[in-house]
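Pasting model-v3.txt here (compact mmCIF, C-alpha atoms):
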# COMPACT_ATOMS: atom_id res chain seq x y z
CA MET Q 1 -121.92 73.22 51.08
CA ASN Q 2 -123.62 76.14 52.72
CA LYS Q 3 -123.37 76.92 56.43
CA GLU Q 4 -126.52 74.97 57.39
CA GLU Q 5 -125.30 71.85 55.63
CA ARG Q 6 -121.87 72.13 57.24
CA LEU Q 7 -123.43 72.55 60.69
CA ALA Q 8 -125.59 69.47 60.15
CA LYS Q 9 -122.53 67.46 59.11
CA LEU Q 10 -120.57 68.90 62.05
CA LYS Q 11 -123.19 67.67 64.52
CA ASP Q 12 -122.91 64.16 63.07
CA VAL Q 13 -119.12 64.32 63.38
CA MET Q 14 -119.41 65.52 66.99
CA LYS Q 15 -121.76 62.67 67.84
CA GLY Q 16 -119.30 60.21 66.36
CA ILE Q 17 -116.37 61.66 68.33
CA ASN Q 18 -118.37 61.68 71.58
CA LYS Q 19 -119.40 58.07 70.99
CA THR Q 20 -115.79 57.08 70.37
CA GLN Q 21 -114.64 58.83 73.55
CA GLY Q 22 -117.44 57.29 75.61
CA LYS Q 23 -118.48 60.71 76.95
CA VAL Q 24 -119.37 64.18 75.73
CA VAL Q 25 -116.13 65.93 74.82
CA LEU Q 26 -117.59 68.19 72.13
CA ASN Q 27 -120.63 70.41 72.59
CA PHE Q 28 -121.79 73.95 71.88
CA ALA Q 29 -120.63 76.62 74.34
CA ASP Q 30 -124.12 77.64 75.42
CA SER Q 31 -124.34 74.35 77.32
CA GLU Q 32 -121.49 75.34 79.64
CA GLY Q 33 -123.50 77.62 81.94
CA GLU Q 34 -122.12 79.83 84.72
CA TRP Q 35 -119.43 78.69 87.11
CA GLU Q 36 -120.70 77.63 90.52
CA ARG Q 37 -118.88 79.22 93.47
CA VAL Q 38 -118.15 78.23 97.05
CA SER Q 39 -118.60 81.26 99.29
CA THR Q 40 -115.79 82.53 101.51
CA GLY Q 41 -118.31 83.43 104.21
CA ILE Q 42 -117.21 87.08 103.92
CA SER Q 43 -119.71 89.11 101.89
CA GLU Q 44 -117.23 91.89 101.00
CA LEU Q 45 -114.65 89.38 99.73
CA ASP Q 46 -117.28 87.40 97.80
CA ALA Q 47 -118.38 90.60 96.08
CA MET Q 48 -114.78 91.41 95.11
CA ILE Q 49 -113.96 88.00 93.59
CA GLY Q 50 -117.33 87.34 91.98
CA GLY Q 51 -119.10 85.15 94.53
CA GLY Q 52 -116.39 82.90 95.93
CA PHE Q 53 -113.86 80.31 94.75
CA PRO Q 54 -114.95 78.59 91.49
CA TYR Q 55 -115.90 74.92 91.38
CA GLY Q 56 -114.21 72.83 88.70
CA HIS Q 57 -110.98 74.81 88.85
CA THR Q 58 -107.87 75.53 90.93
CA SER Q 59 -107.54 78.67 93.07
CA ILE Q 60 -104.63 79.89 95.17
CA CYS Q 61 -104.52 81.93 98.36
CA TRP Q 62 -100.97 82.86 99.33
CA GLY Q 63 -99.17 85.25 101.64
CA GLY Q 64 -96.97 85.69 104.68
CA GLN Q 65 -97.30 83.81 107.94
CA GLY Q 66 -99.99 84.91 110.35
CA SER Q 67 -102.03 86.75 107.72
CA GLY Q 68 -105.21 84.67 108.24
CA LYS Q 69 -105.01 82.25 105.29
CA SER Q 70 -105.91 79.08 107.22
CA THR Q 71 -108.72 80.90 109.05
CA LEU Q 72 -110.10 82.02 105.69
CA MET Q 73 -110.08 78.37 104.60
CA TYR Q 74 -111.97 77.37 107.78
CA SER Q 75 -114.61 79.89 106.77
CA VAL Q 76 -114.77 78.40 103.25
CA VAL Q 77 -115.17 74.89 104.71
CA ALA Q 78 -118.00 76.05 106.97
CA GLN Q 79 -119.85 77.67 104.05
CA ALA Q 80 -119.41 74.61 101.82
CA GLN Q 81 -120.76 72.35 104.57
CA LYS Q 82 -123.78 74.63 104.99
CA ASP Q 83 -124.48 74.04 101.29
CA GLY Q 84 -124.35 70.28 101.85
CA LYS Q 85 -120.91 69.83 100.21
CA ILE Q 86 -118.25 67.26 101.15
CA VAL Q 87 -114.88 68.80 101.98
CA ALA Q 88 -111.37 67.32 102.24
CA PHE Q 89 -108.61 69.25 104.04
CA LEU Q 90 -105.09 68.01 103.22
CA ASP Q 91 -103.07 69.25 106.19
CA LEU Q 92 -99.42 69.01 105.13
CA GLU Q 93 -98.41 71.53 107.80
CA ASN Q 94 -100.07 69.44 110.56
CA SER Q 95 -101.53 72.67 111.92
CA PHE Q 96 -105.27 72.00 111.71
CA ASP Q 97 -106.93 73.12 114.96
CA ASN Q 98 -110.22 71.36 115.77
CA ASP Q 99 -111.30 73.87 118.41
CA ARG Q 100 -110.58 76.92 116.28
CA ALA Q 101 -112.20 75.36 113.21
CA SER Q 102 -115.32 74.61 115.27
CA LYS Q 103 -115.48 78.25 116.39
CA MET Q 104 -115.46 79.23 112.72
CA GLY Q 105 -118.50 77.02 112.10
CA VAL Q 106 -116.75 73.90 110.74
CA LYS Q 107 -118.46 70.56 111.38
CA VAL Q 108 -115.28 68.68 112.24
CA ASP Q 109 -117.08 65.33 112.38
CA GLU Q 110 -117.93 65.71 108.67
CA LEU Q 111 -114.56 67.07 107.49
CA ILE Q 112 -112.02 64.72 105.88
CA ILE Q 113 -108.44 65.34 107.06
CA GLY Q 114 -105.31 64.09 105.30
CA HIS Q 115 -101.70 64.04 106.52
CA TYR Q 116 -98.79 63.33 104.17
CA ALA Q 117 -95.01 63.20 104.36
CA ILE Q 118 -94.49 63.03 100.60
CA ALA Q 119 -95.85 65.50 98.03
CA GLU Q 120 -96.73 62.79 95.50
CA GLN Q 121 -99.03 61.11 98.04
CA ALA Q 122 -101.07 64.28 98.53
CA LEU Q 123 -101.25 65.02 94.80
CA ASP Q 124 -102.26 61.42 94.01
CA THR Q 125 -105.04 61.68 96.61
CA ILE Q 126 -106.42 64.78 94.88
CA ASN Q 127 -106.28 63.03 91.51
CA ILE Q 128 -108.06 59.90 92.81
CA MET Q 129 -110.77 61.90 94.62
CA ALA Q 130 -111.36 63.89 91.44
CA LYS Q 131 -111.46 60.76 89.25
CA GLU Q 132 -114.00 59.12 91.56
CA SER Q 133 -115.91 62.39 92.08
CA VAL Q 134 -116.35 61.76 95.81
CA VAL Q 135 -115.77 65.27 97.22
CA ASP Q 136 -116.81 68.82 96.32
CA VAL Q 137 -114.04 70.96 97.85
CA ILE Q 138 -110.37 70.11 98.41
CA ILE Q 139 -108.09 72.44 100.37
CA LEU Q 140 -104.33 71.84 100.41
CA ASP Q 141 -102.39 73.52 103.23
CA SER Q 142 -99.82 74.26 102.03
CA ILE Q 143 -97.83 74.20 98.79
CA HIS Q 144 -94.47 75.02 100.38
CA SER Q 145 -94.90 72.12 102.86
CA MET Q 146 -94.96 69.53 100.07
CA ALA Q 147 -91.71 67.57 99.87
CA PRO Q 148 -91.27 65.51 96.68
CA LYS Q 149 -89.95 62.00 97.22
CA GLY Q 150 -86.82 62.86 95.25
CA ALA Q 151 -86.06 65.63 97.74
CA VAL Q 152 -86.45 63.31 100.74
CA GLU Q 153 -85.24 59.87 99.67
CA ASP Q 154 -82.83 58.21 97.26
CA LYS Q 155 -81.80 54.60 96.68
CA LYS Q 156 -79.75 54.59 99.88
CA GLY Q 157 -82.54 55.96 102.07
CA ASP Q 158 -82.89 59.46 103.48
CA LYS Q 159 -81.30 62.11 101.29
CA SER Q 160 -78.76 64.54 102.71
CA LEU Q 161 -79.74 68.19 102.95
CA GLU Q 162 -76.57 68.97 100.97
CA THR Q 163 -78.19 67.58 97.81
CA ASN Q 164 -79.58 70.26 95.51
CA THR Q 165 -83.27 69.50 94.90
CA MET Q 166 -84.28 72.88 93.48
CA GLY Q 167 -87.08 72.66 90.93
CA LEU Q 168 -88.39 69.23 91.98
CA LEU Q 169 -91.65 70.58 93.45
CA ALA Q 170 -92.33 72.73 90.38
CA ASN Q 171 -91.74 69.69 88.18
CA LYS Q 172 -94.13 67.53 90.22
CA LEU Q 173 -96.82 70.21 90.18
CA SER Q 174 -96.47 70.50 86.42
CA GLN Q 175 -97.05 66.74 86.08
CA PHE Q 176 -99.96 66.90 88.51
CA PHE Q 177 -101.87 69.62 86.68
CA ALA Q 178 -101.35 67.88 83.33
CA ARG Q 179 -103.07 64.78 84.75
CA ALA Q 180 -105.56 66.14 87.27
CA SER Q 181 -107.00 69.35 85.79
CA THR Q 182 -109.49 67.51 83.56
CA HIS Q 183 -110.64 65.29 86.46
CA VAL Q 184 -111.06 68.33 88.74
CA PHE Q 185 -113.15 70.03 86.03
CA GLU Q 186 -115.34 67.00 85.29
CA ALA Q 187 -115.95 66.33 89.00
CA ASN Q 188 -116.73 70.04 89.52
CA ILE Q 189 -114.35 70.24 92.49
CA ALA Q 190 -113.17 73.53 93.96
CA LEU Q 191 -109.44 72.92 94.51
CA ILE Q 192 -107.92 75.63 96.73
CA MET Q 193 -104.20 75.65 97.48
CA ILE Q 194 -102.59 77.72 100.23
CA GLY Q 195 -99.16 79.14 99.42
CA GLN Q 196 -96.47 80.77 101.52
CA THR Q 197 -94.41 83.83 100.71
CA ARG Q 198 -90.78 83.54 99.66
CA LYS Q 199 -88.36 86.24 98.61
CA GLY Q 200 -87.53 86.57 94.93
CA LEU Q 201 -83.81 87.36 94.76
CA GLY Q 202 -83.39 87.47 90.99
CA GLY Q 203 -83.83 91.22 90.48
CA PHE Q 204 -82.67 94.54 91.82
CA ILE Q 205 -85.71 94.75 94.12
CA VAL Q 206 -86.48 91.93 96.57
CA LEU Q 207 -90.17 91.06 96.20
CA ASP Q 208 -92.50 88.54 97.81
CA THR Q 209 -93.26 85.73 95.39
CA LEU Q 210 -95.15 82.42 95.35
CA THR Q 211 -93.15 79.19 95.26
CA GLY Q 212 -94.22 76.23 93.10
CA GLY Q 213 -93.30 77.14 89.53
CA ASN Q 214 -95.13 78.51 86.52
CA ALA Q 215 -97.52 75.55 86.16
CA LEU Q 216 -99.07 76.43 89.50
CA ILE Q 217 -99.64 80.07 88.55
CA HIS Q 218 -100.81 79.16 85.04
CA ASN Q 219 -103.45 76.64 86.18
CA SER Q 220 -104.99 78.91 88.81
CA VAL Q 221 -108.11 80.77 87.68
CA LEU Q 222 -108.15 82.89 90.85
CA THR Q 223 -105.04 83.87 92.81
CA LEU Q 224 -105.35 85.94 95.98
CA HIS Q 225 -102.46 87.50 97.91
CA GLN Q 226 -103.05 87.99 101.62
CA ARG Q 227 -100.98 90.14 103.98
CA ARG Q 228 -101.19 92.08 107.22
CA GLY Q 229 -102.11 95.75 106.95
CA GLN Q 230 -101.26 98.73 109.10
CA LYS Q 231 -101.37 98.49 112.88
CA ALA Q 232 -103.42 101.70 113.03
CA ASN Q 233 -106.25 99.91 111.20
CA ALA Q 234 -106.35 96.91 113.55
CA PRO Q 235 -109.73 96.17 115.19
CA HIS Q 236 -110.21 97.09 118.84
CA LEU Q 237 -112.57 95.94 121.57
CA GLU Q 238 -114.11 98.48 123.89
CA CYS Q 239 -114.67 97.84 127.60
CA LYS Q 240 -115.37 99.93 130.70
CA VAL Q 241 -113.02 99.99 133.67
CA ALA Q 242 -114.34 100.88 137.13
CA PHE Q 243 -111.94 102.31 139.72
CA LEU Q 244 -111.51 104.78 142.59
CA ASP Q 245 -109.05 107.65 142.25
CA PRO Q 246 -106.67 108.63 145.13
CA ASP Q 247 -109.41 110.91 146.51
CA GLY Q 248 -111.85 107.99 146.66
CA LYS Q 249 -113.97 109.28 143.78
CA PHE Q 250 -115.66 106.62 141.60
CA HIS Q 251 -114.86 106.48 137.86
CA LEU Q 252 -116.20 104.34 135.02
CA GLN Q 253 -114.26 105.07 131.85
CA LYS Q 254 -113.98 103.46 128.41
CA GLU Q 255 -110.84 101.60 127.42
CA LYS Q 256 -109.83 100.17 124.03
CA THR Q 257 -107.64 97.11 123.54
CA GLN Q 258 -106.30 95.74 120.23
CA ASP Q 259 -108.21 92.62 119.21
CA GLY Q 260 -106.48 91.53 116.00
CA PHE Q 261 -105.01 93.03 112.88
CA GLU Q 262 -105.96 94.37 109.47
CA THR Q 263 -105.88 91.82 106.63
CA VAL Q 264 -105.40 93.03 103.08
CA ILE Q 265 -106.45 90.62 100.30
CA LYS Q 266 -105.48 91.47 96.73
CA ILE Q 267 -106.48 89.83 93.43
CA ASP Q 268 -103.20 88.77 91.77
CA LYS Q 269 -104.85 86.85 88.91
CA LYS Q 270 -108.44 86.40 87.81
CA LYS Q 271 -109.71 84.29 84.90
CA CYS Q 272 -113.34 84.14 86.04
CA SER Q 273 -116.24 86.50 85.50
CA GLY Q 274 -117.87 88.77 88.05
CA GLY Q 275 -116.44 90.91 90.77
CA CYS Q 276 -113.48 93.25 90.44
CA ASN Q 277 -110.44 93.28 88.20
CA GLU Q 278 -106.87 92.17 88.93
CA GLY Q 279 -105.00 94.49 91.26
CA THR Q 280 -108.08 95.26 93.36
CA ASP Q 281 -107.66 94.78 97.10
CA ILE Q 282 -109.85 94.84 100.18
CA SER Q 283 -109.12 95.47 103.87
CA LEU Q 284 -110.80 93.27 106.44
CA PRO Q 285 -110.61 93.22 110.26
CA TYR Q 286 -109.21 89.97 111.65
CA HIS Q 287 -110.09 89.22 115.29
CA TYR Q 288 -107.85 86.99 117.40
CA ASP Q 289 -110.67 84.81 118.79
CA THR Q 290 -113.26 84.87 116.03
CA GLY Q 291 -111.21 85.40 112.86
CA PHE Q 292 -113.26 87.19 110.21
CA ILE Q 293 -116.43 86.85 112.30
CA VAL Q 294 -117.20 90.12 114.08
CA PRO Q 295 -117.50 89.44 117.84
CA ASN Q 296 -120.70 90.33 119.66
CA THR Q 297 -120.19 93.78 121.19
CA GLU Q 298 -123.77 94.54 122.17
CA ASP Q 299 -122.94 94.39 125.86
CA THR Q 300 -119.80 96.34 126.69
CA GLU Q 301 -117.75 94.42 129.21
CA ILE Q 302 -117.20 96.05 132.59
CA LYS Q 303 -114.02 95.32 134.52
CA ILE Q 304 -112.93 96.36 137.99
CA ASP Q 305 -109.39 97.69 138.10
CA PRO Q 306 -107.24 94.82 139.48
CA LYS Q 307 -105.15 97.34 141.46
CA MET Q 308 -108.11 98.02 143.79
CA ASN Q 309 -108.02 96.44 147.28
CA GLU Q 310 -110.85 94.44 148.84
CA GLU Q 311 -112.50 97.45 150.51
CA GLN Q 312 -112.29 99.51 147.32
CA VAL Q 313 -113.78 96.65 145.27
CA LYS Q 314 -116.74 96.52 147.66
CA ILE Q 315 -117.35 100.28 147.25
CA ILE Q 316 -117.00 100.01 143.46
CA LYS Q 317 -119.56 97.18 143.32
CA GLU Q 318 -122.02 99.26 145.35
CA LYS Q 319 -121.55 102.16 142.94
CA LEU Q 320 -122.04 99.88 139.91
CA VAL Q 321 -125.24 98.38 141.36
CA ALA Q 322 -126.52 101.91 142.00
CA LYS Q 323 -125.96 102.65 138.31
CA GLY Q 324 -128.04 99.62 137.33
CA TYR Q 325 -125.35 96.95 136.81
CA GLU Q 326 -127.12 94.22 138.77
CA GLN Q 327 -124.48 91.58 137.89
CA PHE Q 328 -122.32 93.09 140.63
CA ALA Q 329 -124.99 92.75 143.33
CA GLU Q 330 -124.07 90.39 146.15
CA GLN Q 331 -126.39 87.40 146.43
CA VAL Q 332 -127.69 86.20 149.78
CA PHE Q 333 -128.61 82.55 150.24
CA VAL Q 334 -130.95 81.25 152.94
CA ASP Q 335 -131.75 77.75 154.13
CA GLY Q 336 -135.19 76.15 154.43
CA ASP Q 337 -135.90 77.96 157.71
CA GLY Q 338 -135.02 81.35 156.26
CA ASN Q 339 -131.64 81.59 157.99
CA ILE Q 340 -128.91 83.42 156.08
CA LEU Q 341 -126.12 81.01 155.22
CA GLU Q 342 -123.28 83.32 154.18
CA GLU Q 343 -123.67 87.00 153.52
CA SER Q 344 -121.57 89.24 151.30
CA LYS Q 345 -120.39 86.44 149.03
CA GLU Q 346 -121.26 86.04 145.37
CA TYR Q 347 -122.34 82.55 144.34
CA THR Q 348 -122.40 81.31 140.79
CA VAL Q 349 -123.66 78.05 139.37
CA GLU Q 350 -120.25 77.28 137.90
CA GLY Q 351 -118.08 78.32 140.82
CA ASP Q 352 -120.17 77.20 143.77
CA THR Q 353 -122.05 74.13 142.58
CA ALA Q 354 -121.25 72.24 145.78
CA ILE Q 355 -122.91 74.89 147.99
CA LEU Q 356 -125.98 75.01 145.76
CA GLU Q 357 -126.28 71.22 146.05
CA GLN Q 358 -126.08 71.50 149.85
CA LEU Q 359 -128.90 74.05 149.77
CA GLU Q 360 -131.04 71.67 147.75
CA GLU Q 361 -130.42 68.90 150.29
CA ILE Q 362 -131.39 71.20 153.17
CA VAL Q 363 -134.65 72.13 151.47
CA GLU Q 364 -135.44 68.49 150.68
CA GLU Q 365 -134.71 67.27 154.23
CA LYS Q 366 -136.95 69.85 155.90
CA PRO Q 367 -140.35 68.21 156.75
CA LYS Q 368 -143.25 69.73 154.93
CA LYS Q 369 -146.10 71.20 157.01
CA LYS Q 370 -149.47 69.64 156.38
CA ARG Q 371 -152.17 71.95 155.15
CA GLY Q 372 -155.45 72.40 156.99
CA ARG Q 373 -156.38 72.39 160.66
CA PRO Q 374 -154.72 69.92 163.02
CA ALA Q 375 -156.76 66.85 163.88
CA LYS Q 376 -158.75 67.06 167.11
CA LYS Q 377 -157.68 64.80 169.99
CA ASP Q 378 -160.26 62.48 171.50
CA LYS Q 379 -161.48 63.66 174.91
CA LYS Q 380 -161.43 61.05 177.60

How would this structure read if it were set down as structure tokens?
Amino acid sequence: MNKEERLAKLKDVMKGINKTQGKVVLNFADSEGEWERVSTGISELDAMIGGGFPYGHTSICWGGQGSGKSTLMYSVVAQAQKDGKIVAFLDLENSFDNDRASKMGVKVDELIIGHYAIAEQALDTINIMAKESVVDVIILDSIHSMAPKGAVEDKKGDKSLETNTMGLLANKLSQFFARASTHVFEANIALIMIGQTRKGLGGFIVLDTLTGGNALIHNSVLTLHQRRGQKANAPHLECKVAFLDPDGKFHLQKEKTQDGFETVIKIDKKKCSGGCNEGTDISLPYHYDTGFIVPNTEDTEIKIDPKMNEEQVKIIKEKLVAKGYEQFAEQVFVDGDGNILEESKEYTVEGDTAILEQLEEIVEEKPKKKRGRPAKKDKK
């Protein structure tokens, strides 16, 4: 048979196999298409890794504590939700923060949260969700917090900490990937696992390594290592401080305060196209309040030195108003008759709501003057 005849026969064989399997298991590679990605919400990081974390595969983000891993996942959740995706967050560390996630753009009322005491329960949940194809993104936080049942319980109940359970988690993860990888691929789910740093003590040099065994590393198509960078590269916020020197001279000088730390993200492993190669890293500013979102610094904050006394504060405010900073001007409130209620006190809607309400009552109670000339009295 020539090539054309063999290809024709091959197509018939493929059809027969697909029919037997009840689904398409054999096809030509040009039908695969490009991998869809879920964005990290950070343009520089997306460019480095090729557009985001791949759907249909497992990715890992691991590193030391306080390096911004969970915050990065909040950003991924927010981006997935913007794209209309359904996200499940399996919180084995019980550290999910609703308020912080909301600040990062997460719609917490649409996010599925899972809490588990046993590793098998969390892994079974992932497998079931993938089989039923009910979610688009699954984030597991974190690998090192998973406790296999064999490490927690035995036939007599709770297991003693003296029992050696080394290797149990790696064994369970190996079983999980053998069963779930196909379901994750067919459901086109982006499975992202957060890992914690442990020290590898097997060599002459102590290195940071990822716990979980070889199956975990083997099944990941994208592995990122995240750590804190140098303190000198930490982001800072700039403000202006107003004060009087010992001679009574007014000063308004700039002051910088540290507002986070530098995060370094490195590609440990990459089996997906686009972006940079393994070993490439990127430095990103991490802000305490906003994470990887750059805070709004259009209006530089102005503070009055807390060491100033009441008289000095009054002088400083006058100087600031003269320079055009009207927010420090003292407001004067009057009643319906034009009488000054209290001078030299600043009123704000939040802080002095009660007084504002009293002012409204005074204005409402005052009788309104009728327009026009007064009516003439009848002459007797």

Surrounding residues of Q:Ala88 excluding itself and chain neighbours under 2 positions, 8 Å, only C-alpha atoms, as a VMD selection string: chain Q and resid 86 90 111 to 114 135 137 to 139

Atom-to-atom span, atom CA of Q:Asn27 and atom CA of Q:Val184, Å: 18.9 Å

Close residues, Q:Lys319 itself excluded, 10 Å, only C-alpha atoms, min 6 positions apart in chain, as a ChimeraX atom specification: /Q:242,250-252,313,325,328

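Our summary of the geometry notes that atom CA of Q:Gln230 is positioned 19.2 Å from atom CA of Q:Leu72.
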
Minimum-distance residue to Q:Tyr286, chosen among Q:His144, Q:Arg227, Q:Lys9, Q:Lys23 (using all atoms listed in the file): Q:Arg227

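Across Q:Pro235, Q:Pro246, Q:Pro306, Q:Gly291, the tightest approach to Q:Tyr74 is made by Q:Gly291 when counting all atoms listed in the file.
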
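Straight-line separation from atom CA of Q:Gln121 to atom CA of Q:Asp141: 13.9 Å.
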
Close residues, stretch 256-259 of chain Q itself excluded, 6 Å, all atoms listed in the file, min 2 positions apart in chain, as number ranges by chain: Q: 235-238, 287-288
